[in-house]
Protein chains: 2
Amino acid sequence: MFLSTSHNKIDLKCRVSIPASFRVNLEKLNETLILFKSLQFKCIEGTTSTRMKTYIDAIDELDALSDEAFLLRMMMADSFEIKFDINGRVVIPDPLMNFAGLSDKAVFMGIGGSFYIWSPTEYENQYMKSQEILKEKGPPKLILKKN
Amino acid sequence: MFLSTSHNKIDLKCRVSIPASFRVNLEKLNETLILFKSLQFKCIEGTTSTRMKTYIDAIDELDALSDEAFLLRMMMADSFEIKFDINGRVVIPDPLMNFAGLSDKAVFMGIGGSFYIWSPTEYENQYMKSQEILKEKGPPKLILKKN
DNA sequence: TGGGATAACATGGGTTTTTATGGTAGTCAA
DNA sequence: TTGACTACCATAAAAACCCATGTTATCCCA
């Protein structure tokens, strides 16, 4: 699982250290890392190649002309298979840097099965927003067990 | 898996570099490359010979006289088995150049099991369209399930 | 429990390799 | 013999790789 939040530096070559705990998680699962443009937020999403393959398989099951299939194909086009260097760093592809508005700092946010990479300002905004919703509506009612 | 997007140049001999990651994918699968006219879009589709065989098998499952079978047979007729030169380049056959409206630039778009080759303008149009659909309808339900 | 030793991590920079792309020479067929 | 096609060579730019270093976290023992 990808959990916790950390702030890392992006250098001039667009290299950034993936938090060690995320790396360990990938290694343990024997997975390679995929980065892609989030469909919901102005951020990068990271996940395993296995999860990505399930989406690909889903494309074949859908009506090829449907909007869903169209969006999923575009999502693949905006996805990148990422290699680590010996120190656990990756290079963030240019299209992803631009999309997420990244420059010299990245915020890694583990959300379980995947993680987000935000620019510090965008992260702040989203965090504030979550706090406001929490104040207004109270905590979410989690359904932990389905019948 | 064919993932990510890249913009490559087509020279006067209609040669173009296939993105390295696509080539690696083909080599890893021990596959040869097939290019053919997309049935849905004004672009070239590239895939493995194995995947192409599944299309062929699909024809046999259909009513031999149906319009679908007719279309699929036409698709086969416009397919080309492509060889690489030593630098990982291919020559795009004339009929495909014309069909996709290609001249001096090609956009390679990986969509999982296969990839598209677009003219830059056509690619832009499709990308815009996907962003509009995303804004209107939101992300596919499949994506929302994963966290 | 304090504090030094050790390991793990994040980050910087240089070197080598790969990739994309332009060009040339050889080959075959009309 | 000319034109199209293929195989091969050259090069600049980009990416991958490797080594070095400061900083933080962990361990171990007195």
# chains A, B, ... in the order shown; residues from 1 in each chain; ligands from 1
call {"tool": "select_by_dssp", "arguments": {"residues": "segment 4-137 of chain B", "states": "alpha helix (DSSP H)", "output": "PyMOL selection string"}}
result
chain B and resi 20-29+49-61+67-77+94-100+120-137
call {"tool": "interface_residues", "arguments": {"of": "chain D", "to": "chain A", "cutoff": "10 Å", "atoms": "only C-alpha atoms (C1' of nucleotides)", "output": "compact mmCIF listing (two decimals) with N, CA, C and O atoms (P, O5', C5', C4', C3', O3' and C1' of nucleotides), in the first residue's frame"}}
result
# COMPACT_ATOMS: atom_id res chain seq x y z
P DA D 15 14.93 13.30 -22.95
O5' DA D 15 15.45 11.90 -22.41
C5' DA D 15 15.43 10.78 -23.29
C4' DA D 15 16.38 9.72 -22.78
C3' DA D 15 16.15 9.33 -21.33
O3' DA D 15 15.93 7.93 -21.30
C1' DA D 15 18.47 9.75 -21.73
P DA D 16 15.54 7.19 -19.91
O5' DA D 16 16.91 6.49 -19.52
C5' DA D 16 17.48 5.55 -20.44
C4' DA D 16 18.86 5.17 -19.97
C3' DA D 16 18.91 4.55 -18.58
O3' DA D 16 19.64 3.34 -18.67
C1' DA D 16 20.48 6.32 -18.77
P DC D 17 19.86 2.40 -17.36
O5' DC D 17 21.30 2.83 -16.82
C5' DC D 17 22.43 2.72 -17.70
C4' DC D 17 23.62 3.31 -17.02
C3' DC D 17 23.85 2.81 -15.59
O3' DC D 17 25.04 2.04 -15.55
C1' DC D 17 24.15 5.19 -15.79
P DC D 18 25.44 1.25 -14.19
O5' DC D 18 26.48 2.25 -13.52
C5' DC D 18 27.56 2.77 -14.31
C4' DC D 18 28.27 3.84 -13.53
C3' DC D 18 28.56 3.48 -12.07
O3' DC D 18 29.96 3.61 -11.85
C1' DC D 18 27.58 5.64 -12.24
call {"tool": "calpha_fit_rmsd", "arguments": {"fixed": "chain A", "moving": "chain B"}}
result
2.1 Å
call {"tool": "closest_residue", "arguments": {"among": "C:DA25, C:DA20, C:DA10, C:DA5", "to": "chain B", "atoms": "only C-alpha atoms (C1' of nucleotides)"}}
result
C:DA20
call {"tool": "interface_residues", "arguments": {"of": "chain C", "to": "chain A", "cutoff": "10 Å", "atoms": "only C-alpha atoms (C1' of nucleotides)", "output": "number ranges by chain"}}
result
C: 8-12
call {"tool": "select_by_dssp", "arguments": {"residues": "chain A", "states": "strand (DSSP E)", "output": "PyMOL selection string"}}
result
chain A and resi 5-9+15-17+33-37+44-48+79-82+89-91+105-110+115-118
call {"tool": "interface_residues", "arguments": {"of": "chain B", "to": "chain A", "cutoff": "9 Å", "atoms": "only C-alpha atoms", "output": "list in words"}}
result
Met1, Phe2, Leu3, Ser4, Thr5, Ser21, Gln40, Phe108, Met109, Gly110, Ile111, Gly112, Gly113, Phe115, Tyr127, Ser130, Gln131, Ile133, Leu134, Lys137, Gly138, Pro139, Pro140, Lys141, Leu142, Ile143, Lys146 and Asn147 of chain B
call {"tool": "atom_distance", "arguments": {"atom1": "atom CA of Lys105 of chain A", "atom2": "atom CA of Ile117 of chain A"}}
result
9.9 Å
call {"tool": "residues_around", "arguments": {"residues": "DA10 of chain D", "least_positions_apart": "2", "cutoff": "12 Å", "atoms": "only C-alpha atoms (C1' of nucleotides)", "output": "JSON, numbers by chain"}}
result
{"C": [21, 22, 23, 24], "D": [8, 12]}
call {"tool": "write_last_selection", "arguments": {"atoms": "N, CA and C atoms (P, O5', C5', C4', C3', O3' and C1' of nucleotides)", "output": "PDB file, in the first residue's frame"}}
result
ATOM      1  P    DT C  21      13.039  12.409 -34.799  1.00  0.00           P
ATOM      2  O5'  DT C  21      14.207  12.576 -35.888  1.00  0.00           O
ATOM      3  C5'  DT C  21      15.163  13.615 -35.715  1.00  0.00           C
ATOM      4  C4'  DT C  21      16.259  13.478 -36.729  1.00  0.00           C
ATOM      5  C3'  DT C  21      15.792  13.289 -38.179  1.00  0.00           C
ATOM      6  O3'  DT C  21      16.316  14.327 -38.953  1.00  0.00           O
ATOM      7  C1'  DT C  21      17.608  11.917 -37.675  1.00  0.00           C
ATOM      8  P    DG C  22      15.750  14.724 -40.369  1.00  0.00           P
ATOM      9  O5'  DG C  22      17.071  15.059 -41.187  1.00  0.00           O
ATOM     10  C5'  DG C  22      18.152  15.743 -40.568  1.00  0.00           C
ATOM     11  C4'  DG C  22      19.453  15.349 -41.251  1.00  0.00           C
ATOM     12  C3'  DG C  22      19.337  15.178 -42.770  1.00  0.00           C
ATOM     13  O3'  DG C  22      20.266  16.028 -43.439  1.00  0.00           O
ATOM     14  C1'  DG C  22      20.409  13.292 -41.781  1.00  0.00           C
ATOM     15  P    DG C  23      20.338  16.065 -45.049  1.00  0.00           P
ATOM     16  O5'  DG C  23      21.414  14.947 -45.427  1.00  0.00           O
ATOM     17  C5'  DG C  23      22.730  15.048 -44.918  1.00  0.00           C
ATOM     18  C4'  DG C  23      23.508  13.787 -45.253  1.00  0.00           C
ATOM     19  C3'  DG C  23      23.536  13.434 -46.755  1.00  0.00           C
ATOM     20  O3'  DG C  23      24.876  13.450 -47.209  1.00  0.00           O
ATOM     21  C1'  DG C  23      23.084  11.527 -45.413  1.00  0.00           C
ATOM     22  P    DT C  24      25.186  13.361 -48.838  1.00  0.00           P
ATOM     23  O5'  DT C  24      25.733  11.867 -48.969  1.00  0.00           O
ATOM     24  C5'  DT C  24      26.736  11.415 -48.064  1.00  0.00           C
ATOM     25  C4'  DT C  24      27.029   9.953 -48.338  1.00  0.00           C
ATOM     26  C3'  DT C  24      27.134   9.596 -49.824  1.00  0.00           C
ATOM     27  O3'  DT C  24      28.221   8.707 -50.010  1.00  0.00           O
ATOM     28  C1'  DT C  24      25.571   8.197 -48.784  1.00  0.00           C
TER      29       DT C  24
ATOM     30  P    DC D   8      23.845  -4.052 -43.612  1.00  0.00           P
ATOM     31  O5'  DC D   8      24.646  -2.681 -43.497  1.00  0.00           O
ATOM     32  C5'  DC D   8      25.520  -2.274 -44.561  1.00  0.00           C
ATOM     33  C4'  DC D   8      25.905  -0.824 -44.382  1.00  0.00           C
ATOM     34  C3'  DC D   8      26.504  -0.463 -43.018  1.00  0.00           C
ATOM     35  O3'  DC D   8      27.857  -0.090 -43.197  1.00  0.00           O
ATOM     36  C1'  DC D   8      24.997   1.198 -43.812  1.00  0.00           C
ATOM     37  P    DA D  12      27.975  16.903 -34.407  1.00  0.00           P
ATOM     38  O5'  DA D  12      26.712  17.663 -33.764  1.00  0.00           O
ATOM     39  C5'  DA D  12      25.563  17.919 -34.577  1.00  0.00           C
ATOM     40  C4'  DA D  12      24.306  17.726 -33.745  1.00  0.00           C
ATOM     41  C3'  DA D  12      24.378  18.321 -32.337  1.00  0.00           C
ATOM     42  O3'  DA D  12      23.172  19.017 -32.087  1.00  0.00           O
ATOM     43  C1'  DA D  12      23.848  16.013 -32.205  1.00  0.00           C
TER      44       DA D  12
END
call {"tool": "atom_distance", "arguments": {"atom1": "atom CA of Ala106 of chain A", "atom2": "atom CA of Ser119 of chain A"}}
result
5.3 Å
call {"tool": "residues_around", "arguments": {"residues": "DA30 of chain D", "least_positions_apart": "6", "cutoff": "12 Å", "atoms": "only C-alpha atoms (C1' of nucleotides)", "output": "list in words"}}
result
DT1, DG2, DG3 and DG4 of chain C
call {"tool": "write_last_selection", "arguments": {"atoms": "C-alpha atoms (C1' of nucleotides)", "output": "compact mmCIF listing (two decimals), in the first residue's frame"}}
result
# COMPACT_ATOMS: atom_id res chain seq x y z
C1' DT C 1 19.47 6.70 28.11
C1' DG C 2 22.98 9.37 25.81
C1' DG C 3 25.88 9.58 22.12
C1' DG C 4 28.82 7.84 18.74
